[in-house]
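Visitor: My questions will all concern the structure given below.
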Amino acid sequence: MSAVDYQVDGKPYEGFFVRPAGKSNVPLVVIAHAWGGLGDNERQKAQLVADKLGYAAFAMDVYGKGKRGTSVEECQALMNPLVGDRTELQKRLAGGLAAAKAQDGLDGSKAAAIGYCFGGLSVLDMARAGHDVLGVCSFHGLFRPAENLPSPNIKAKVLIEHGWQDPMATPQDVLAIAKELDGSGADWQMHAHGQSMHAFTTLGANDANMGTVYNADADRRSFASLTDFLNEIF
């Protein structure tokens, strides 16, 4: 896995790229990070995509090189401005996707995006904004709609892996995103995992009061769903 420096609007960002050993002309999976910024979890997921699925993976950065949160307050300070300015978020995501597609050994016509937590919201925005991906998958993502795109026409296929007990995406939010996706004309599917909270794929998550708890069964099942989804779109 190698670090990749790139720029968006003249500002520095740092992603991480990995390609399966001995393979070239492979599909690309870009990974959008959670609220703390690009870290070990996203790098682990990138390595998993390369090792288990045989695709190249690029972990994107939307905060800026070296900008990471280590407390709830720091993470909120990094995430909230972008949740409130979706045009800026979508521009940074487009920059990350462009940097990913510039890497060697790819079939640039075959790209997908996956994201975790805030990254789940991010990849849904990539679909809403019409970024050049065949599909997106949101894991325990946030569902807040993009105010700058009130009536999106979504061409990418959409998969949502959702923890039913996620306090950050309530049953009411689930109904709202379903209505939005149906209205957008998207080819979409959602899997709700019972007894699962937010961050159910994040190893080490164990804060029931905050609603962030790892669930091995939901992690395994959602990855199997992702595998099938990527097989279909690639």
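Chain labels follow the order of the structure tokens: the first chain is A, the next B, and so on; residue numbering restarts at 1 in every chain, and ligands are counted from 1 in their shown order.
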Set the distance at 9 Å and use only C-alpha atoms: which residues neighbour segment 120-134 of chain A once local chain neighbours fewer than 4 positions away are removed? I'd like the list as a PDB file with all heavy atoms, in the first residue's frame.
Guide:
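Saved to result-v2.pdb:
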```pdb
ATOM      1  N   ILE A  31     -12.690   4.330  -1.477  1.00  0.00           N
ATOM      2  CA  ILE A  31     -13.215   4.179  -0.123  1.00  0.00           C
ATOM      3  C   ILE A  31     -13.286   5.542   0.549  1.00  0.00           C
ATOM      4  O   ILE A  31     -12.284   6.271   0.597  1.00  0.00           O
ATOM      5  CB  ILE A  31     -12.324   3.221   0.691  1.00  0.00           C
ATOM      6  CG1 ILE A  31     -12.306   1.838   0.021  1.00  0.00           C
ATOM      7  CG2 ILE A  31     -12.808   3.120   2.135  1.00  0.00           C
ATOM      8  CD1 ILE A  31     -11.314   0.879   0.611  1.00  0.00           C
ATOM      9  N   ALA A  32     -14.466   5.881   1.040  1.00  0.00           N
ATOM     10  CA  ALA A  32     -14.678   7.163   1.716  1.00  0.00           C
ATOM     11  C   ALA A  32     -14.665   6.950   3.226  1.00  0.00           C
ATOM     12  O   ALA A  32     -15.304   6.025   3.735  1.00  0.00           O
ATOM     13  CB  ALA A  32     -16.004   7.788   1.279  1.00  0.00           C
ATOM     14  N   HIS A  33     -13.951   7.810   3.921  1.00  0.00           N
ATOM     15  CA  HIS A  33     -13.678   7.590   5.343  1.00  0.00           C
ATOM     16  C   HIS A  33     -14.786   8.070   6.270  1.00  0.00           C
ATOM     17  O   HIS A  33     -15.665   8.854   5.901  1.00  0.00           O
ATOM     18  CB  HIS A  33     -12.356   8.268   5.730  1.00  0.00           C
ATOM     19  CG  HIS A  33     -12.314   9.757   5.499  1.00  0.00           C
ATOM     20  ND1 HIS A  33     -13.028  10.652   6.248  1.00  0.00           N
ATOM     21  CD2 HIS A  33     -11.601  10.509   4.598  1.00  0.00           C
ATOM     22  CE1 HIS A  33     -12.775  11.882   5.831  1.00  0.00           C
ATOM     23  NE2 HIS A  33     -11.923  11.824   4.830  1.00  0.00           N
ATOM     24  N   ALA A  34     -14.695   7.588   7.509  1.00  0.00           N
ATOM     25  CA  ALA A  34     -15.611   7.984   8.575  1.00  0.00           C
ATOM     26  C   ALA A  34     -15.245   9.374   9.096  1.00  0.00           C
ATOM     27  O   ALA A  34     -14.327  10.023   8.594  1.00  0.00           O
ATOM     28  CB  ALA A  34     -15.580   6.950   9.701  1.00  0.00           C
ATOM     29  N   VAL A  83     -20.869  18.311   5.888  1.00  0.00           N
ATOM     30  CA  VAL A  83     -22.264  17.868   5.867  1.00  0.00           C
ATOM     31  C   VAL A  83     -23.166  19.054   5.539  1.00  0.00           C
ATOM     32  O   VAL A  83     -24.201  18.909   4.880  1.00  0.00           O
ATOM     33  CB  VAL A  83     -22.652  17.231   7.213  1.00  0.00           C
ATOM     34  CG1 VAL A  83     -24.148  16.927   7.266  1.00  0.00           C
ATOM     35  CG2 VAL A  83     -21.863  15.944   7.440  1.00  0.00           C
ATOM     36  N   ARG A  86     -22.618  20.595   0.873  1.00  0.00           N
ATOM     37  CA  ARG A  86     -22.478  19.384   0.079  1.00  0.00           C
ATOM     38  C   ARG A  86     -21.807  19.654  -1.265  1.00  0.00           C
ATOM     39  O   ARG A  86     -21.201  18.750  -1.845  1.00  0.00           O
ATOM     40  CB  ARG A  86     -23.845  18.743  -0.096  1.00  0.00           C
ATOM     41  CG  ARG A  86     -24.528  18.472   1.244  1.00  0.00           C
ATOM     42  CD  ARG A  86     -23.757  17.462   2.078  1.00  0.00           C
ATOM     43  NE  ARG A  86     -24.211  16.151   1.757  1.00  0.00           N
ATOM     44  CZ  ARG A  86     -25.313  15.604   2.261  1.00  0.00           C
ATOM     45  NH1 ARG A  86     -26.045  16.253   3.157  1.00  0.00           N
ATOM     46  NH2 ARG A  86     -25.678  14.405   1.906  1.00  0.00           N
ATOM     47  N   LEU A  89     -18.214  19.204  -0.404  1.00  0.00           N
ATOM     48  CA  LEU A  89     -17.943  17.790  -0.188  1.00  0.00           C
ATOM     49  C   LEU A  89     -17.880  17.046  -1.518  1.00  0.00           C
ATOM     50  O   LEU A  89     -16.942  16.262  -1.762  1.00  0.00           O
ATOM     51  CB  LEU A  89     -19.022  17.178   0.703  1.00  0.00           C
ATOM     52  CG  LEU A  89     -18.965  15.648   0.886  1.00  0.00           C
ATOM     53  CD1 LEU A  89     -17.653  15.228   1.518  1.00  0.00           C
ATOM     54  CD2 LEU A  89     -20.157  15.162   1.710  1.00  0.00           C
ATOM     55  N   GLN A  90     -18.845  17.262  -2.378  1.00  0.00           N
ATOM     56  CA  GLN A  90     -18.871  16.567  -3.668  1.00  0.00           C
ATOM     57  C   GLN A  90     -17.666  16.927  -4.525  1.00  0.00           C
ATOM     58  O   GLN A  90     -17.137  16.070  -5.252  1.00  0.00           O
ATOM     59  CB  GLN A  90     -20.185  16.889  -4.381  1.00  0.00           C
ATOM     60  CG  GLN A  90     -21.402  16.285  -3.688  1.00  0.00           C
ATOM     61  CD  GLN A  90     -22.687  17.038  -3.951  1.00  0.00           C
ATOM     62  OE1 GLN A  90     -22.771  17.863  -4.858  1.00  0.00           O
ATOM     63  NE2 GLN A  90     -23.708  16.783  -3.139  1.00  0.00           N
ATOM     64  N   LEU A  93     -14.763  14.915  -3.158  1.00  0.00           N
ATOM     65  CA  LEU A  93     -14.928  13.516  -3.540  1.00  0.00           C
ATOM     66  C   LEU A  93     -14.566  13.309  -5.005  1.00  0.00           C
ATOM     67  O   LEU A  93     -13.928  12.307  -5.361  1.00  0.00           O
ATOM     68  CB  LEU A  93     -16.360  13.064  -3.272  1.00  0.00           C
ATOM     69  CG  LEU A  93     -16.764  12.971  -1.797  1.00  0.00           C
ATOM     70  CD1 LEU A  93     -18.278  12.905  -1.660  1.00  0.00           C
ATOM     71  CD2 LEU A  93     -16.107  11.768  -1.135  1.00  0.00           C
ATOM     72  N   ALA A  94     -14.963  14.236  -5.843  1.00  0.00           N
ATOM     73  CA  ALA A  94     -14.606  14.142  -7.264  1.00  0.00           C
ATOM     74  C   ALA A  94     -13.092  14.213  -7.441  1.00  0.00           C
ATOM     75  O   ALA A  94     -12.519  13.504  -8.278  1.00  0.00           O
ATOM     76  CB  ALA A  94     -15.288  15.262  -8.053  1.00  0.00           C
ATOM     77  N   LEU A  97     -11.672  10.816  -6.471  1.00  0.00           N
ATOM     78  CA  LEU A  97     -11.931   9.834  -7.518  1.00  0.00           C
ATOM     79  C   LEU A  97     -10.982  10.041  -8.697  1.00  0.00           C
ATOM     80  O   LEU A  97     -10.451   9.067  -9.254  1.00  0.00           O
ATOM     81  CB  LEU A  97     -13.384   9.942  -7.975  1.00  0.00           C
ATOM     82  CG  LEU A  97     -13.812   9.021  -9.107  1.00  0.00           C
ATOM     83  CD1 LEU A  97     -13.663   7.549  -8.706  1.00  0.00           C
ATOM     84  CD2 LEU A  97     -15.259   9.313  -9.518  1.00  0.00           C
ATOM     85  N   SER A 109     -12.766   2.305 -16.601  1.00  0.00           N
ATOM     86  CA  SER A 109     -14.198   2.285 -16.912  1.00  0.00           C
ATOM     87  C   SER A 109     -14.998   1.531 -15.866  1.00  0.00           C
ATOM     88  O   SER A 109     -16.230   1.558 -15.883  1.00  0.00           O
ATOM     89  CB  SER A 109     -14.427   1.647 -18.287  1.00  0.00           C
ATOM     90  OG  SER A 109     -14.108   0.266 -18.269  1.00  0.00           O
ATOM     91  N   LYS A 110     -14.298   0.829 -14.971  1.00  0.00           N
ATOM     92  CA  LYS A 110     -14.966   0.050 -13.935  1.00  0.00           C
ATOM     93  C   LYS A 110     -14.562   0.567 -12.561  1.00  0.00           C
ATOM     94  O   LYS A 110     -13.488   0.249 -12.053  1.00  0.00           O
ATOM     95  CB  LYS A 110     -14.606  -1.433 -14.070  1.00  0.00           C
ATOM     96  CG  LYS A 110     -15.122  -2.081 -15.348  1.00  0.00           C
ATOM     97  CD  LYS A 110     -14.739  -3.542 -15.417  1.00  0.00           C
ATOM     98  CE  LYS A 110     -15.276  -4.204 -16.688  1.00  0.00           C
ATOM     99  NZ  LYS A 110     -14.893  -5.631 -16.778  1.00  0.00           N
ATOM    100  N   ALA A 111     -15.401   1.399 -11.990  1.00  0.00           N
ATOM    101  CA  ALA A 111     -15.118   1.987 -10.680  1.00  0.00           C
ATOM    102  C   ALA A 111     -16.374   1.966  -9.826  1.00  0.00           C
ATOM    103  O   ALA A 111     -17.496   2.114 -10.332  1.00  0.00           O
ATOM    104  CB  ALA A 111     -14.596   3.411 -10.817  1.00  0.00           C
ATOM    105  N   ALA A 112     -16.168   1.769  -8.535  1.00  0.00           N
ATOM    106  CA  ALA A 112     -17.258   1.817  -7.556  1.00  0.00           C
ATOM    107  C   ALA A 112     -16.748   2.573  -6.340  1.00  0.00           C
ATOM    108  O   ALA A 112     -15.543   2.783  -6.169  1.00  0.00           O
ATOM    109  CB  ALA A 112     -17.706   0.412  -7.165  1.00  0.00           C
ATOM    110  N   ALA A 113     -17.667   2.984  -5.481  1.00  0.00           N
ATOM    111  CA  ALA A 113     -17.310   3.705  -4.257  1.00  0.00           C
ATOM    112  C   ALA A 113     -18.012   3.062  -3.076  1.00  0.00           C
ATOM    113  O   ALA A 113     -19.205   2.743  -3.152  1.00  0.00           O
ATOM    114  CB  ALA A 113     -17.693   5.180  -4.362  1.00  0.00           C
ATOM    115  N   ILE A 114     -17.265   2.864  -1.992  1.00  0.00           N
ATOM    116  CA  ILE A 114     -17.847   2.379  -0.748  1.00  0.00           C
ATOM    117  C   ILE A 114     -17.447   3.334   0.375  1.00  0.00           C
ATOM    118  O   ILE A 114     -16.389   3.963   0.308  1.00  0.00           O
ATOM    119  CB  ILE A 114     -17.428   0.934  -0.421  1.00  0.00           C
ATOM    120  CG1 ILE A 114     -15.933   0.834  -0.106  1.00  0.00           C
ATOM    121  CG2 ILE A 114     -17.780   0.004  -1.576  1.00  0.00           C
ATOM    122  CD1 ILE A 114     -15.483  -0.566   0.318  1.00  0.00           C
ATOM    123  N   GLY A 115     -18.295   3.440   1.378  1.00  0.00           N
ATOM    124  CA  GLY A 115     -17.989   4.370   2.458  1.00  0.00           C
ATOM    125  C   GLY A 115     -18.607   3.938   3.765  1.00  0.00           C
ATOM    126  O   GLY A 115     -19.623   3.221   3.791  1.00  0.00           O
ATOM    127  N   TYR A 116     -18.014   4.414   4.851  1.00  0.00           N
ATOM    128  CA  TYR A 116     -18.381   4.007   6.198  1.00  0.00           C
ATOM    129  C   TYR A 116     -18.770   5.232   7.028  1.00  0.00           C
ATOM    130  O   TYR A 116     -18.023   6.205   7.103  1.00  0.00           O
ATOM    131  CB  TYR A 116     -17.204   3.267   6.849  1.00  0.00           C
ATOM    132  CG  TYR A 116     -16.805   2.033   6.073  1.00  0.00           C
ATOM    133  CD1 TYR A 116     -15.943   2.124   4.980  1.00  0.00           C
ATOM    134  CD2 TYR A 116     -17.347   0.790   6.390  1.00  0.00           C
ATOM    135  CE1 TYR A 116     -15.615   0.996   4.239  1.00  0.00           C
ATOM    136  CE2 TYR A 116     -17.024  -0.341   5.659  1.00  0.00           C
ATOM    137  CZ  TYR A 116     -16.151  -0.235   4.579  1.00  0.00           C
ATOM    138  OH  TYR A 116     -15.834  -1.345   3.840  1.00  0.00           O
ATOM    139  N   SER A 138     -23.030   2.077   0.819  1.00  0.00           N
ATOM    140  CA  SER A 138     -22.949   2.794   2.088  1.00  0.00           C
ATOM    141  C   SER A 138     -23.066   1.808   3.237  1.00  0.00           C
ATOM    142  O   SER A 138     -24.065   1.087   3.331  1.00  0.00           O
ATOM    143  CB  SER A 138     -24.067   3.834   2.162  1.00  0.00           C
ATOM    144  OG  SER A 138     -24.246   4.313   3.480  1.00  0.00           O
ATOM    145  N   PHE A 139     -22.037   1.760   4.092  1.00  0.00           N
ATOM    146  CA  PHE A 139     -22.072   0.944   5.304  1.00  0.00           C
ATOM    147  C   PHE A 139     -22.363   1.835   6.511  1.00  0.00           C
ATOM    148  O   PHE A 139     -21.635   2.812   6.747  1.00  0.00           O
ATOM    149  CB  PHE A 139     -20.726   0.250   5.531  1.00  0.00           C
ATOM    150  CG  PHE A 139     -20.405  -0.831   4.548  1.00  0.00           C
ATOM    151  CD1 PHE A 139     -19.742  -0.538   3.369  1.00  0.00           C
ATOM    152  CD2 PHE A 139     -20.756  -2.156   4.797  1.00  0.00           C
ATOM    153  CE1 PHE A 139     -19.419  -1.533   2.464  1.00  0.00           C
ATOM    154  CE2 PHE A 139     -20.443  -3.157   3.897  1.00  0.00           C
ATOM    155  CZ  PHE A 139     -19.774  -2.849   2.721  1.00  0.00           C
ATOM    156  N   HIS A 140     -23.397   1.499   7.260  1.00  0.00           N
ATOM    157  CA  HIS A 140     -23.847   2.281   8.419  1.00  0.00           C
ATOM    158  C   HIS A 140     -23.653   3.781   8.179  1.00  0.00           C
ATOM    159  O   HIS A 140     -23.058   4.506   8.969  1.00  0.00           O
ATOM    160  CB  HIS A 140     -23.197   1.829   9.735  1.00  0.00           C
ATOM    161  CG  HIS A 140     -21.753   1.438   9.658  1.00  0.00           C
ATOM    162  ND1 HIS A 140     -20.721   2.337   9.733  1.00  0.00           N
ATOM    163  CD2 HIS A 140     -21.170   0.220   9.535  1.00  0.00           C
ATOM    164  CE1 HIS A 140     -19.571   1.693   9.661  1.00  0.00           C
ATOM    165  NE2 HIS A 140     -19.809   0.419   9.527  1.00  0.00           N
ATOM    166  N   GLY A 141     -24.192   4.222   7.038  1.00  0.00           N
ATOM    167  CA  GLY A 141     -24.009   5.614   6.621  1.00  0.00           C
ATOM    168  C   GLY A 141     -25.076   6.546   7.173  1.00  0.00           C
ATOM    169  O   GLY A 141     -26.099   6.120   7.716  1.00  0.00           O
ATOM    170  N   LEU A 142     -24.825   7.829   7.007  1.00  0.00           N
ATOM    171  CA  LEU A 142     -25.795   8.872   7.330  1.00  0.00           C
ATOM    172  C   LEU A 142     -26.643   9.134   6.090  1.00  0.00           C
ATOM    173  O   LEU A 142     -26.143   9.099   4.965  1.00  0.00           O
ATOM    174  CB  LEU A 142     -25.073  10.144   7.770  1.00  0.00           C
ATOM    175  CG  LEU A 142     -24.022   9.970   8.874  1.00  0.00           C
ATOM    176  CD1 LEU A 142     -23.344  11.302   9.174  1.00  0.00           C
ATOM    177  CD2 LEU A 142     -24.645   9.391  10.133  1.00  0.00           C
ATOM    178  N   PHE A 143     -27.915   9.429   6.278  1.00  0.00           N
ATOM    179  CA  PHE A 143     -28.848   9.520   5.159  1.00  0.00           C
ATOM    180  C   PHE A 143     -29.315  10.938   4.852  1.00  0.00           C
ATOM    181  O   PHE A 143     -30.192  11.120   4.013  1.00  0.00           O
ATOM    182  CB  PHE A 143     -30.081   8.647   5.432  1.00  0.00           C
ATOM    183  CG  PHE A 143     -29.777   7.170   5.544  1.00  0.00           C
ATOM    184  CD1 PHE A 143     -30.573   6.357   6.346  1.00  0.00           C
ATOM    185  CD2 PHE A 143     -28.726   6.596   4.857  1.00  0.00           C
ATOM    186  CE1 PHE A 143     -30.317   4.999   6.450  1.00  0.00           C
ATOM    187  CE2 PHE A 143     -28.454   5.249   4.954  1.00  0.00           C
ATOM    188  CZ  PHE A 143     -29.253   4.434   5.751  1.00  0.00           C
ATOM    189  N   ARG A 144     -28.750  11.928   5.524  1.00  0.00           N
ATOM    190  CA  ARG A 144     -29.221  13.297   5.298  1.00  0.00           C
ATOM    191  C   ARG A 144     -29.132  13.668   3.816  1.00  0.00           C
ATOM    192  O   ARG A 144     -28.084  13.493   3.187  1.00  0.00           O
ATOM    193  CB  ARG A 144     -28.371  14.268   6.120  1.00  0.00           C
ATOM    194  CG  ARG A 144     -28.722  15.729   5.891  1.00  0.00           C
ATOM    195  CD  ARG A 144     -27.977  16.643   6.850  1.00  0.00           C
ATOM    196  NE  ARG A 144     -27.970  18.028   6.403  1.00  0.00           N
ATOM    197  CZ  ARG A 144     -27.469  19.037   7.098  1.00  0.00           C
ATOM    198  NH1 ARG A 144     -26.938  18.821   8.283  1.00  0.00           N
ATOM    199  NH2 ARG A 144     -27.497  20.262   6.630  1.00  0.00           N
ATOM    200  N   PRO A 145     -30.213  14.165   3.222  1.00  0.00           N
ATOM    201  CA  PRO A 145     -30.190  14.482   1.793  1.00  0.00           C
ATOM    202  C   PRO A 145     -29.256  15.646   1.490  1.00  0.00           C
ATOM    203  O   PRO A 145     -28.878  16.411   2.381  1.00  0.00           O
ATOM    204  CB  PRO A 145     -31.648  14.844   1.487  1.00  0.00           C
ATOM    205  CG  PRO A 145     -32.218  15.277   2.806  1.00  0.00           C
ATOM    206  CD  PRO A 145     -31.522  14.447   3.843  1.00  0.00           C
ATOM    207  N   ALA A 146     -28.884  15.738   0.222  1.00  0.00           N
ATOM    208  CA  ALA A 146     -27.998  16.815  -0.227  1.00  0.00           C
ATOM    209  C   ALA A 146     -28.850  18.004  -0.655  1.00  0.00           C
ATOM    210  O   ALA A 146     -29.570  17.938  -1.657  1.00  0.00           O
ATOM    211  CB  ALA A 146     -27.121  16.333  -1.385  1.00  0.00           C
ATOM    212  N   LEU A 149     -28.798  19.237  -4.211  1.00  0.00           N
ATOM    213  CA  LEU A 149     -29.340  18.355  -5.259  1.00  0.00           C
ATOM    214  C   LEU A 149     -30.692  17.816  -4.788  1.00  0.00           C
ATOM    215  O   LEU A 149     -30.823  16.646  -4.449  1.00  0.00           O
ATOM    216  CB  LEU A 149     -28.370  17.209  -5.542  1.00  0.00           C
ATOM    217  CG  LEU A 149     -26.984  17.595  -6.084  1.00  0.00           C
ATOM    218  CD1 LEU A 149     -26.052  16.393  -6.072  1.00  0.00           C
ATOM    219  CD2 LEU A 149     -27.110  18.169  -7.490  1.00  0.00           C
ATOM    220  N   SER A 151     -33.393  17.056  -6.307  1.00  0.00           N
ATOM    221  CA  SER A 151     -34.059  16.057  -7.154  1.00  0.00           C
ATOM    222  C   SER A 151     -33.011  15.339  -8.004  1.00  0.00           C
ATOM    223  O   SER A 151     -32.963  15.500  -9.228  1.00  0.00           O
ATOM    224  CB  SER A 151     -35.107  16.726  -8.050  1.00  0.00           C
ATOM    225  OG  SER A 151     -36.103  17.369  -7.284  1.00  0.00           O
ATOM    226  N   PRO A 152     -32.155  14.528  -7.372  1.00  0.00           N
ATOM    227  CA  PRO A 152     -31.089  13.887  -8.131  1.00  0.00           C
ATOM    228  C   PRO A 152     -31.624  12.839  -9.103  1.00  0.00           C
ATOM    229  O   PRO A 152     -32.656  12.209  -8.858  1.00  0.00           O
ATOM    230  CB  PRO A 152     -30.231  13.235  -7.040  1.00  0.00           C
ATOM    231  CG  PRO A 152     -31.177  12.981  -5.914  1.00  0.00           C
ATOM    232  CD  PRO A 152     -32.139  14.131  -5.947  1.00  0.00           C
ATOM    233  N   ASN A 153     -30.901  12.665 -10.202  1.00  0.00           N
ATOM    234  CA  ASN A 153     -31.185  11.603 -11.171  1.00  0.00           C
ATOM    235  C   ASN A 153     -30.021  10.621 -11.080  1.00  0.00           C
ATOM    236  O   ASN A 153     -28.965  10.842 -11.656  1.00  0.00           O
ATOM    237  CB  ASN A 153     -31.309  12.195 -12.572  1.00  0.00           C
ATOM    238  CG  ASN A 153     -31.617  11.139 -13.614  1.00  0.00           C
ATOM    239  OD1 ASN A 153     -32.076  10.044 -13.284  1.00  0.00           O
ATOM    240  ND2 ASN A 153     -31.351  11.444 -14.872  1.00  0.00           N
ATOM    241  N   ILE A 154     -30.203   9.561 -10.336  1.00  0.00           N
ATOM    242  CA  ILE A 154     -29.095   8.674  -9.972  1.00  0.00           C
ATOM    243  C   ILE A 154     -28.952   7.547 -10.983  1.00  0.00           C
ATOM    244  O   ILE A 154     -29.879   6.748 -11.184  1.00  0.00           O
ATOM    245  CB  ILE A 154     -29.294   8.114  -8.556  1.00  0.00           C
ATOM    246  CG1 ILE A 154     -29.268   9.262  -7.534  1.00  0.00           C
ATOM    247  CG2 ILE A 154     -28.235   7.075  -8.221  1.00  0.00           C
ATOM    248  CD1 ILE A 154     -29.520   8.831  -6.105  1.00  0.00           C
ATOM    249  N   LYS A 155     -27.777   7.479 -11.621  1.00  0.00           N
ATOM    250  CA  LYS A 155     -27.484   6.434 -12.598  1.00  0.00           C
ATOM    251  C   LYS A 155     -26.719   5.268 -11.981  1.00  0.00           C
ATOM    252  O   LYS A 155     -26.846   4.129 -12.446  1.00  0.00           O
ATOM    253  CB  LYS A 155     -26.666   7.026 -13.746  1.00  0.00           C
ATOM    254  CG  LYS A 155     -27.353   8.159 -14.503  1.00  0.00           C
ATOM    255  CD  LYS A 155     -28.643   7.696 -15.141  1.00  0.00           C
ATOM    256  CE  LYS A 155     -29.271   8.793 -16.001  1.00  0.00           C
ATOM    257  NZ  LYS A 155     -30.585   8.373 -16.565  1.00  0.00           N
ATOM    258  N   ALA A 156     -25.878   5.530 -10.977  1.00  0.00           N
ATOM    259  CA  ALA A 156     -25.117   4.463 -10.332  1.00  0.00           C
ATOM    260  C   ALA A 156     -26.053   3.559  -9.540  1.00  0.00           C
ATOM    261  O   ALA A 156     -27.042   4.009  -8.961  1.00  0.00           O
ATOM    262  CB  ALA A 156     -24.069   5.064  -9.404  1.00  0.00           C
ATOM    263  N   LYS A 157     -25.739   2.271  -9.502  1.00  0.00           N
ATOM    264  CA  LYS A 157     -26.486   1.363  -8.640  1.00  0.00           C
ATOM    265  C   LYS A 157     -26.118   1.643  -7.184  1.00  0.00           C
ATOM    266  O   LYS A 157     -24.989   2.044  -6.891  1.00  0.00           O
ATOM    267  CB  LYS A 157     -26.189  -0.085  -9.008  1.00  0.00           C
ATOM    268  CG  LYS A 157     -26.709  -0.462 -10.396  1.00  0.00           C
ATOM    269  CD  LYS A 157     -26.497  -1.930 -10.694  1.00  0.00           C
ATOM    270  CE  LYS A 157     -27.056  -2.275 -12.067  1.00  0.00           C
ATOM    271  NZ  LYS A 157     -26.932  -3.728 -12.385  1.00  0.00           N
ATOM    272  N   VAL A 158     -27.064   1.432  -6.290  1.00  0.00           N
ATOM    273  CA  VAL A 158     -26.886   1.798  -4.882  1.00  0.00           C
ATOM    274  C   VAL A 158     -27.181   0.597  -3.986  1.00  0.00           C
ATOM    275  O   VAL A 158     -28.224  -0.055  -4.122  1.00  0.00           O
ATOM    276  CB  VAL A 158     -27.810   2.972  -4.495  1.00  0.00           C
ATOM    277  CG1 VAL A 158     -27.667   3.296  -3.005  1.00  0.00           C
ATOM    278  CG2 VAL A 158     -27.524   4.200  -5.353  1.00  0.00           C
ATOM    279  N   ILE A 160     -27.169  -0.203   0.235  1.00  0.00           N
ATOM    280  CA  ILE A 160     -27.066   0.343   1.587  1.00  0.00           C
ATOM    281  C   ILE A 160     -27.067  -0.814   2.577  1.00  0.00           C
ATOM    282  O   ILE A 160     -27.981  -1.650   2.564  1.00  0.00           O
ATOM    283  CB  ILE A 160     -28.226   1.313   1.890  1.00  0.00           C
ATOM    284  CG1 ILE A 160     -28.130   2.565   1.005  1.00  0.00           C
ATOM    285  CG2 ILE A 160     -28.226   1.710   3.364  1.00  0.00           C
ATOM    286  CD1 ILE A 160     -29.314   3.512   1.139  1.00  0.00           C
ATOM    287  N   SER A 184     -35.565   9.073  -7.472  1.00  0.00           N
ATOM    288  CA  SER A 184     -34.434   9.412  -8.344  1.00  0.00           C
ATOM    289  C   SER A 184     -34.312   8.469  -9.529  1.00  0.00           C
ATOM    290  O   SER A 184     -33.493   8.700 -10.427  1.00  0.00           O
ATOM    291  CB  SER A 184     -33.129   9.340  -7.547  1.00  0.00           C
ATOM    292  OG  SER A 184     -32.768   7.990  -7.307  1.00  0.00           O
ATOM    293  N   ILE A 233     -21.801  -5.369 -10.799  1.00  0.00           N
ATOM    294  CA  ILE A 233     -21.578  -4.131 -11.562  1.00  0.00           C
ATOM    295  C   ILE A 233     -20.295  -4.160 -12.378  1.00  0.00           C
ATOM    296  O   ILE A 233     -20.173  -3.432 -13.372  1.00  0.00           O
ATOM    297  CB  ILE A 233     -21.607  -2.880 -10.646  1.00  0.00           C
ATOM    298  CG1 ILE A 233     -20.429  -2.889  -9.663  1.00  0.00           C
ATOM    299  CG2 ILE A 233     -22.935  -2.779  -9.926  1.00  0.00           C
ATOM    300  CD1 ILE A 233     -20.336  -1.610  -8.851  1.00  0.00           C
ATOM    301  N   PHE A 234     -19.341  -5.000 -11.997  1.00  0.00           N
ATOM    302  CA  PHE A 234     -18.087  -5.087 -12.756  1.00  0.00           C
ATOM    303  C   PHE A 234     -18.151  -6.170 -13.841  1.00  0.00           C
ATOM    304  O   PHE A 234     -17.274  -6.286 -14.650  1.00  0.00           O
ATOM    305  CB  PHE A 234     -16.907  -5.374 -11.805  1.00  0.00           C
ATOM    306  CG  PHE A 234     -16.543  -4.213 -10.930  1.00  0.00           C
ATOM    307  CD1 PHE A 234     -15.900  -4.423  -9.722  1.00  0.00           C
ATOM    308  CD2 PHE A 234     -16.812  -2.896 -11.309  1.00  0.00           C
ATOM    309  CE1 PHE A 234     -15.536  -3.370  -8.897  1.00  0.00           C
ATOM    310  CE2 PHE A 234     -16.463  -1.830 -10.494  1.00  0.00           C
ATOM    311  CZ  PHE A 234     -15.813  -2.069  -9.272  1.00  0.00           C
TER     312      PHE A 234
END
```
Visitor: List every residue of segment 25-216 of chain A that DSSP, applied to the backbone, labels as alpha helix (DSSP H), and write the result as a PyMOL selection string.
Guide: chain A and resi 40-48+72-83+86-101+118-128+171-184+216
Visitor: Separation of atom CA of Lys23 of chain A and atom CA of Gly105 of chain A, in Å?
Guide: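 These atoms are spaced 7.7 Å apart.
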Visitor: At a cut-off of 8 Å, using only C-alpha atoms, what residues contact Gln7 of chain A? Leave out same-chain residues fewer than 5 positions from it and give the result as number ranges by chain.
Guide: A: 12-13, 95
Visitor: Would you list, as an NGL selection string, the residues of segment 24-220 of chain A that end up in strand (DSSP E or B) under DSSP run on this structure's backbone?
Guide: :A and (26-32 or 56-59 or 106-116 or 135-139 or 157-163 or 188-193 or 198 or 206-207 or 212-213)
Visitor: Considering only C-alpha atoms, return as a ChimeraX atom specification whatever protein or nucleic-acid residues lie within 10 Å of Val4 of chain A, sequence-local ones (same chain, fewer than 2 positions apart) excluded.
Guide: /A:1-2,6,13-17,58-60,99-100,103
Visitor: Which residues come within 8 Å of Tyr63 of chain A, counting only C-alpha atoms, excluding same-chain residues fewer than 3 positions away, as a list in words?
Guide: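 The neighbour list is Tyr13, Gly37, Lys67, Arg68 and Leu78 of chain A.
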Visitor: Identify which of the residues A:Gln47, A:Glu161, A:Lys65, A:Gly119 lies closest to Met79 of chain A, counting only C-alpha atoms when measuring atom-to-atom distances.
Guide: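 Nearest to Met79 of chain A: A:Gly119.
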Visitor: Near Leu53 of chain A, within 10 Å and counting only C-alpha atoms, which residues show up once chain neighbours fewer than 2 positions away are dropped, as a list in words?
Guide: Pro20, Gln47, Leu48, Val49, Ala50, Asp51, Tyr55, Ala56, Leu226, Thr227, Leu230 and Asn231 of chain A
Visitor: Can you pull out every residue within 9 Å of segment 174-177 of chain A, counting only C-alpha atoms, but drop anything in the same chain fewer than 3 positions away, and send it as a list in words?
Guide: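 With the cut-off at 9 Å, the set is Phe143, Arg144, Pro145, His162, Ala169, Thr170, Pro171, Glu180, Leu181 and Asp182 of chain A.
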